[in-house]
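Student: Below you will find the structure I want to go over with you.
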Amino acid sequence: MNGRVHGLLVFAGVAVLVVLTPGPATALVIRSALRGGRRSALRTTLGNATGVLFWGAASAVGISALVAASELAFVVLKVAGGVVLVALGVQTFLRTRRGEPALDPGSDRAHNAFRDGLVTSFANPKLAVFFVALFPQFLSSGHAEFGKAIGMACLIVALDLVWFSVIALVVTRARSAFAESRWPTRIERVTASVMIGLGLRLAVESR
């Protein structure tokens with residue numbers, strides 16, 4: 001029992017570090033918060049969370065191990081993920097250049113935030129590698145471990161929801177405070193540049 005508790009605490013510590021490390025999901029949440037407010041950012045977070053649950057389940061059944069082991073599958077996923085990030089970054093940058101206003105949280109385009117988070121998470125081969133490298137250290141062989149893997153993935157999702165909600169709150173309040181200035185546009189352009197950089201890095205870097 002003590003061993004299980006210790007293992008859970010160790011995993012929780014690693015999960016916190018993973019969640020707090022900036023990456024594509026962080027950039028997407030900031031982008032969504034700047035464009036459509038907290039609701040849009042939450043949709044992005046939920047889309048990303050769905051992808052995390054998928055890779056967690058895939059890890060439990062061995063699919064993510066196949067993806068990580070297959071050079072072709074890995075390359076296809078990382079190129080697709082890179083293209084998605086670059087496209088979203090370019091779209092955001094062009095929108096700011098045209099001076100388009102922030103989106104209405106209830107608009108159809110704002111609802112695309114969930115799709116953006118989901119697609120980016122699905123097409124991120126680093127998640128597959130992460131789950132292949134991390135999960136086996138906390139799982140034993142046997143079908144019962146599938147539920148444990150899902151529970152571990154849910155823990156990461158819960159941490160994501162808390163952390164990204166904080167980010168969304170800070171960004172939306174900052175946007176409101178500086179609504180009459182150029183700062184929201186500048187931040188959005190920086191975020192777009194970061195997304196483009198992350199996309200290019202994901203597409204061209206080796207494992």
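For the structure tokens, the naming scheme is as follows: chains receive sequential letters (A, B, ...) according to their order of presentation, residues are indexed from 1 within each chain, and ligands are indexed from 1 in presentation order.
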Which polymer residues have any atom within 10 Å of an atom of Val129 (chain A), counting only C-alpha atoms, with same-chain residues fewer than 5 positions away left out, as a PyMOL selection string?

Tutor: chain A and resi 55+59+64-69+74+124+134+207

Student: Tell me, as an MDAnalysis selection string, which residues lie within 10 Å of Val75 (chain A), counting only C-alpha atoms; anything in the same chain fewer than 2 positions away does not count.

Tutor: chainID A and resid 67:68 70:73 77:81 125 202:207

Student: Please report the interatomic distance between CA of Thr191 (chain A) and CA of Arg173 (chain A) in Å with one decimal.

Tutor: 16.8 Å

Student: Would you kindly return, as a ChimeraX atom specification, each protein, DNA or RNA residue with an atom no farther than 10 Å from any atom of Phe114 (chain A), considering only C-alpha atoms and excluding same-chain residues fewer than 5 positions away?

Tutor: /A:32,40-50,119

Student: Could those selected residues go to a file with C-alpha atoms, as an mmCIF file, in the first residue's frame?

Tutor:
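Output file part-v3.cif follows:
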```
data_model
loop_
_atom_site.group_PDB
_atom_site.id
_atom_site.type_symbol
_atom_site.label_atom_id
_atom_site.label_comp_id
_atom_site.auth_asym_id
_atom_site.auth_seq_id
_atom_site.Cartn_x
_atom_site.Cartn_y
_atom_site.Cartn_z
ATOM 1 C CA SER A 32 -7.904 31.395 -27.411
ATOM 2 C CA SER A 40 -12.829 29.892 -25.700
ATOM 3 C CA ALA A 41 -9.708 29.064 -23.679
ATOM 4 C CA LEU A 42 -11.658 26.421 -21.772
ATOM 5 C CA ARG A 43 -12.790 24.848 -25.041
ATOM 6 C CA THR A 44 -9.164 24.661 -26.154
ATOM 7 C CA THR A 45 -8.239 23.076 -22.829
ATOM 8 C CA LEU A 46 -11.028 20.502 -23.142
ATOM 9 C CA GLY A 47 -9.917 19.656 -26.675
ATOM 10 C CA ASN A 48 -6.355 19.179 -25.488
ATOM 11 C CA ALA A 49 -7.609 17.108 -22.542
ATOM 12 C CA THR A 50 -9.466 14.786 -24.903
ATOM 13 C CA VAL A 119 -6.282 18.297 -33.376
#
```

Student: Residues within 10 Å of Ala58 (chain A), please, as a ChimeraX atom specification. Count only C-alpha atoms; anything in the same chain fewer than 2 positions from it doesn't count.

Tutor: /A:52-56,60-67,128,131-132,146,149-150

Student: DSSP on the backbone: what in region 7-207 of chain A comes out helix (DSSP H, G or I), as a PyMOL selection string?

Tutor: chain A and resi 7-20+24-61+63-69+71-98+108-122+125-137+145-177+183-204

Student: Pick out the closest residue to Leu155 (chain A) from this set: A:Ala87, A:Ile187, A:Val194, A:Ala15. Count only C-alpha atoms.

Tutor: A:Ala15

Student: To one decimal place, how far is CA of Pro136 (chain A) from CA of Leu8 (chain A) in Å?

Tutor: 13.1 Å

Student: Which residues, written as a PyMOL selection string, have at least one atom at most 12 Å from Val29 (chain A), with only C-alpha atoms counted and residues fewer than 5 positions away on the same chain left out?

Tutor: chain A and resi 22-24+34-49+113-114+116-118+120+160-161+163-172+188+191-192+195

Student: Kindly save the residues from that selection, with C-alpha atoms included, as an mmCIF file, in the first residue's frame.

Tutor:
```cif
data_model
loop_
_atom_site.group_PDB
_atom_site.id
_atom_site.type_symbol
_atom_site.label_atom_id
_atom_site.label_comp_id
_atom_site.auth_asym_id
_atom_site.auth_seq_id
_atom_site.Cartn_x
_atom_site.Cartn_y
_atom_site.Cartn_z
ATOM 1 C CA PRO A 22 5.205 25.659 -21.625
ATOM 2 C CA GLY A 23 4.374 24.025 -24.934
ATOM 3 C CA PRO A 24 1.889 24.066 -27.840
ATOM 4 C CA LEU A 34 -6.978 36.628 -26.326
ATOM 5 C CA ARG A 35 -9.408 35.932 -29.140
ATOM 6 C CA GLY A 36 -12.532 34.697 -27.372
ATOM 7 C CA GLY A 37 -12.049 35.009 -23.613
ATOM 8 C CA ARG A 38 -12.161 32.365 -20.900
ATOM 9 C CA ARG A 39 -14.854 30.232 -22.537
ATOM 10 C CA SER A 40 -12.829 29.892 -25.700
ATOM 11 C CA ALA A 41 -9.708 29.064 -23.679
ATOM 12 C CA LEU A 42 -11.658 26.421 -21.772
ATOM 13 C CA ARG A 43 -12.790 24.848 -25.041
ATOM 14 C CA THR A 44 -9.164 24.661 -26.154
ATOM 15 C CA THR A 45 -8.239 23.076 -22.829
ATOM 16 C CA LEU A 46 -11.028 20.502 -23.142
ATOM 17 C CA GLY A 47 -9.917 19.656 -26.675
ATOM 18 C CA ASN A 48 -6.355 19.179 -25.488
ATOM 19 C CA ALA A 49 -7.609 17.108 -22.542
ATOM 20 C CA ALA A 113 -11.178 26.402 -30.139
ATOM 21 C CA PHE A 114 -12.110 22.874 -29.036
ATOM 22 C CA ASP A 116 -7.872 23.313 -32.449
ATOM 23 C CA GLY A 117 -6.952 21.898 -29.048
ATOM 24 C CA LEU A 118 -8.076 18.404 -30.028
ATOM 25 C CA THR A 120 -3.050 19.693 -31.949
ATOM 26 C CA ASP A 160 -4.256 20.919 -17.112
ATOM 27 C CA LEU A 161 -7.728 22.272 -16.372
ATOM 28 C CA TRP A 163 -3.362 25.478 -14.718
ATOM 29 C CA PHE A 164 -4.861 26.551 -18.040
ATOM 30 C CA SER A 165 -7.859 28.074 -16.259
ATOM 31 C CA VAL A 166 -5.448 30.233 -14.279
ATOM 32 C CA ILE A 167 -3.666 31.241 -17.479
ATOM 33 C CA ALA A 168 -6.980 32.044 -19.177
ATOM 34 C CA LEU A 169 -8.098 34.168 -16.222
ATOM 35 C CA VAL A 170 -4.855 36.140 -16.154
ATOM 36 C CA VAL A 171 -4.830 36.686 -19.925
ATOM 37 C CA THR A 172 -8.488 37.748 -20.177
ATOM 38 C CA GLU A 188 -1.223 37.938 -29.673
ATOM 39 C CA THR A 191 1.937 34.130 -29.230
ATOM 40 C CA ALA A 192 1.467 33.586 -32.960
ATOM 41 C CA MET A 195 3.241 28.861 -32.230
#
```
